[in-house]
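Asks: Got a file for you: coords.pdb, PDB, N, CA and C atoms.
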ATOM      1  N   GLY A   1      79.610  99.800 105.318
ATOM      2  CA  GLY A   1      79.790  99.786 103.893
ATOM      3  C   GLY A   1      80.118 101.175 103.375
ATOM      4  N   HIS A   2      80.363 101.244 102.122
ATOM      5  CA  HIS A   2      80.674 102.509 101.468
ATOM      6  C   HIS A   2      79.442 102.986 100.727
ATOM      7  N   GLY A   3      78.991 104.203 101.039
ATOM      8  CA  GLY A   3      77.850 104.772 100.339
ATOM      9  C   GLY A   3      78.266 105.328  98.997
ATOM     10  N   ALA A   4      77.347 105.363  98.071
ATOM     11  CA  ALA A   4      77.619 105.912  96.743
ATOM     12  C   ALA A   4      77.034 107.307  96.639
ATOM     13  N   SER A   5      77.720 108.174  95.950
ATOM     14  CA  SER A   5      77.233 109.520  95.674
ATOM     15  C   SER A   5      77.099 109.674  94.173
ATOM     16  N   ILE A   6      76.191 110.511  93.753
ATOM     17  CA  ILE A   6      75.992 110.772  92.334
ATOM     18  C   ILE A   6      76.500 112.164  92.017
ATOM     19  N   LEU A   7      77.331 112.272  90.985
ATOM     20  CA  LEU A   7      77.827 113.579  90.556
ATOM     21  C   LEU A   7      76.710 114.329  89.852
ATOM     22  N   SER A   8      76.717 115.635  90.015
ATOM     23  CA  SER A   8      75.732 116.455  89.319
ATOM     24  C   SER A   8      76.024 116.431  87.818
ATOM     25  N   PRO A   9      75.016 116.675  86.982
ATOM     26  CA  PRO A   9      75.245 116.707  85.537
ATOM     27  C   PRO A   9      76.294 117.762  85.180
ATOM     28  N   GLY A  10      77.075 117.486  84.189
ATOM     29  CA  GLY A  10      78.101 118.428  83.749
ATOM     30  C   GLY A  10      79.384 117.702  83.413
ATOM     31  N   ILE A  11      80.412 118.465  83.186
ATOM     32  CA  ILE A  11      81.713 117.915  82.836
ATOM     33  C   ILE A  11      82.559 117.853  84.092
ATOM     34  N   HIS A  12      83.144 116.715  84.341
ATOM     35  CA  HIS A  12      84.006 116.518  85.501
ATOM     36  C   HIS A  12      85.351 116.006  85.010
ATOM     37  N   SER A  13      86.421 116.492  85.600
ATOM     38  CA  SER A  13      87.756 116.093  85.194
ATOM     39  C   SER A  13      88.515 115.585  86.411
ATOM     40  N   PHE A  14      89.107 114.413  86.290
ATOM     41  CA  PHE A  14      89.881 113.822  87.366
ATOM     42  C   PHE A  14      91.207 113.341  86.779
ATOM     43  N   PRO A  15      92.163 114.256  86.618
ATOM     44  CA  PRO A  15      93.435 113.875  85.991
ATOM     45  C   PRO A  15      94.166 112.801  86.807
ATOM     46  N   PHE A  16      94.748 111.847  86.118
ATOM     47  CA  PHE A  16      95.561 110.828  86.765
ATOM     48  C   PHE A  16      96.562 110.290  85.750
ATOM     49  N   LYS A  17      97.563 109.603  86.240
ATOM     50  CA  LYS A  17      98.561 108.975  85.376
ATOM     51  C   LYS A  17      98.639 107.498  85.731
ATOM     52  N   LEU A  18      98.855 106.695  84.722
ATOM     53  CA  LEU A  18      99.006 105.263  84.915
ATOM     54  C   LEU A  18     100.134 104.799  84.012
ATOM     55  N   GLY A  19     101.191 104.313  84.606
ATOM     56  CA  GLY A  19     102.321 103.832  83.815
ATOM     57  C   GLY A  19     102.153 102.360  83.467
ATOM     58  N   LEU A  20     102.388 102.028  82.216
ATOM     59  CA  LEU A  20     102.339 100.640  81.771
ATOM     60  C   LEU A  20     103.758 100.159  81.496
ATOM     61  N   PRO A  21     104.017  98.901  81.749
ATOM     62  CA  PRO A  21     105.370  98.383  81.512
ATOM     63  C   PRO A  21     105.774  98.490  80.042
ATOM     64  N   MET A  22     107.049  98.734  79.815
ATOM     65  CA  MET A  22     107.575  98.780  78.449
ATOM     66  C   MET A  22     107.414  97.405  77.807
ATOM     67  N   GLY A  23     107.212  97.394  76.519
ATOM     68  CA  GLY A  23     107.147  96.135  75.792
ATOM     69  C   GLY A  23     105.767  95.518  75.683
ATOM     70  N   LEU A  24     104.743  96.162  76.249
ATOM     71  CA  LEU A  24     103.394  95.621  76.094
ATOM     72  C   LEU A  24     102.959  95.748  74.642
ATOM     73  N   PRO A  25     102.266  94.744  74.120
ATOM     74  CA  PRO A  25     101.793  94.861  72.740
ATOM     75  C   PRO A  25     100.684  95.897  72.624
ATOM     76  N   SER A  26     100.539  96.458  71.439
ATOM     77  CA  SER A  26      99.457  97.408  71.178
ATOM     78  C   SER A  26      98.132  96.665  71.118
ATOM     79  N   THR A  27      97.035  97.418  71.243
ATOM     80  CA  THR A  27      95.715  96.828  71.069
ATOM     81  C   THR A  27      95.653  96.164  69.701
ATOM     82  N   PHE A  28      95.075  94.967  69.663
ATOM     83  CA  PHE A  28      95.094  94.170  68.442
ATOM     84  C   PHE A  28      93.853  93.293  68.388
ATOM     85  N   LEU A  29      93.248  93.157  67.231
ATOM     86  CA  LEU A  29      92.135  92.234  67.013
ATOM     87  C   LEU A  29      92.461  91.399  65.786
ATOM     88  N   GLY A  30      92.571  90.099  65.970
ATOM     89  CA  GLY A  30      92.929  89.217  64.863
ATOM     90  C   GLY A  30      91.999  88.016  64.783
ATOM     91  N   THR A  31      92.235  87.184  63.814
ATOM     92  CA  THR A  31      91.411  86.001  63.588
ATOM     93  C   THR A  31      91.480  85.024  64.760
ATOM     94  N   HIS A  32      92.632  84.912  65.385
ATOM     95  CA  HIS A  32      92.831  83.903  66.427
ATOM     96  C   HIS A  32      92.965  84.480  67.829
ATOM     97  N   GLY A  33      92.679  85.750  67.997
ATOM     98  CA  GLY A  33      92.776  86.317  69.338
ATOM     99  C   GLY A  33      92.812  87.830  69.319
ATOM    100  N   TRP A  34      92.930  88.408  70.507
ATOM    101  CA  TRP A  34      92.952  89.852  70.619
ATOM    102  C   TRP A  34      93.701  90.269  71.870
ATOM    103  N   VAL A  35      94.154  91.504  71.865
ATOM    104  CA  VAL A  35      94.776  92.152  73.017
ATOM    105  C   VAL A  35      94.080  93.485  73.175
ATOM    106  N   GLN A  36      93.575  93.746  74.362
ATOM    107  CA  GLN A  36      92.888  95.012  74.623
ATOM    108  C   GLN A  36      93.114  95.375  76.084
ATOM    109  N   TYR A  37      93.273  96.650  76.348
ATOM    110  CA  TYR A  37      93.481  97.138  77.706
ATOM    111  C   TYR A  37      92.326  98.049  78.095
ATOM    112  N   TYR A  38      91.974  98.045  79.361
ATOM    113  CA  TYR A  38      90.979  98.985  79.858
ATOM    114  C   TYR A  38      91.343  99.371  81.279
ATOM    115  N   CYS A  39      90.760 100.443  81.717
ATOM    116  CA  CYS A  39      91.017 100.955  83.059
ATOM    117  C   CYS A  39      89.684 101.183  83.755
ATOM    118  N   LYS A  40      89.551 100.685  84.958
ATOM    119  CA  LYS A  40      88.356 100.899  85.763
ATOM    120  C   LYS A  40      88.791 101.666  87.005
ATOM    121  N   ALA A  41      88.052 102.708  87.338
ATOM    122  CA  ALA A  41      88.444 103.554  88.466
ATOM    123  C   ALA A  41      87.281 103.750  89.424
ATOM    124  N   ALA A  42      87.615 103.960  90.670
ATOM    125  CA  ALA A  42      86.631 104.312  91.691
ATOM    126  C   ALA A  42      87.115 105.587  92.364
ATOM    127  N   LEU A  43      86.227 106.523  92.561
ATOM    128  CA  LEU A  43      86.572 107.777  93.229
ATOM    129  C   LEU A  43      86.254 107.648  94.706
ATOM    130  N   ARG A  44      87.152 108.125  95.525
ATOM    131  CA  ARG A  44      86.929 108.098  96.970
ATOM    132  C   ARG A  44      87.169 109.490  97.533
ATOM    133  N   GLU A  45      86.270 109.911  98.380
ATOM    134  CA  GLU A  45      86.436 111.199  99.051
ATOM    135  C   GLU A  45      87.369 111.021 100.237
ATOM    136  N   PRO A  46      88.289 111.970 100.439
ATOM    137  CA  PRO A  46      89.065 111.910 101.675
ATOM    138  C   PRO A  46      88.095 112.075 102.843
ATOM    139  N   ASN A  47      88.253 111.354 103.880
ATOM    140  CA  ASN A  47      87.359 111.391 105.051
ATOM    141  C   ASN A  47      85.955 110.923 104.702
ATOM    142  N   GLY A  48      85.753 110.254 103.554
ATOM    143  CA  GLY A  48      84.421 109.833 103.131
ATOM    144  C   GLY A  48      84.085 108.424 103.502
TER     145      GLY A  48
END
Let me see the file written as structure tokens.
Replies:
Amino acid sequence: GHGASILSPGIHSFPFKLGLPMGLPSTFLGTHGWVQYYCKAALREPNG
């Protein structure tokens, strides 16, 4: 299995880019529905 590590307290920065397809609707909340996007990430150590 994959072991989990805990980051030390402080500020951590992990720059990344994610391209979304053109034409996606903006985030929206309405009476009959909604559109919302989110991103979930997992960090992996090389050789980890």
Asks: Suppose a student applies the PyMOL selection byres (((chain A and resi 2-14 and name CA) around 12) and name CA) to this structure; what residues should they get, written as a list in words?
Replies: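 Taken on the displayed file, the PyMOL selection byres (((chain A and resi 2-14 and name CA) around 12) and name CA) yields the residues Gly1, Pro15, Phe16, Lys17, Ala41, Ala42, Leu43, Arg44, Glu45, Asn47 and Gly48 of chain A.
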Asks: As JSON, numbers by chain, please: every residue in chain A that DSSP puts in strand (DSSP E).
Replies: {"A": [28, 29, 30, 33, 34, 35]}
Asks: Measure the distance from CA of Met22 in chain A to CA of Tyr37 in chain A in Å and round it to one decimal.
Replies: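 Those two atoms sit 14.2 Å apart.
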Asks: Just so the selection is clear, what residues does the PyMOL selection byres ((chain A and resi 26) around 6.5) cover here, as JSON, numbers by chain?
Replies: {"A": [24, 25, 27, 28, 35, 36]}
Asks: Centre and edge lengths, as AutoDock Vina command-line options, for the axis-aligned box enclosing every listed atom of range 19-24 of chain A with 5 Å of padding on each of the six sides, in Å to one decimal?
Replies:
--center_x 104.4 --center_y 99.9 --center_z 79.6 --size_x 16.4 --size_y 18.8 --size_z 20.0
Asks: To one decimal place, how far is atom C of Gly19 in chain A from atom N of Tyr38 in chain A in Å?
Replies: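 Distance between the two atoms: 11.8 Å.
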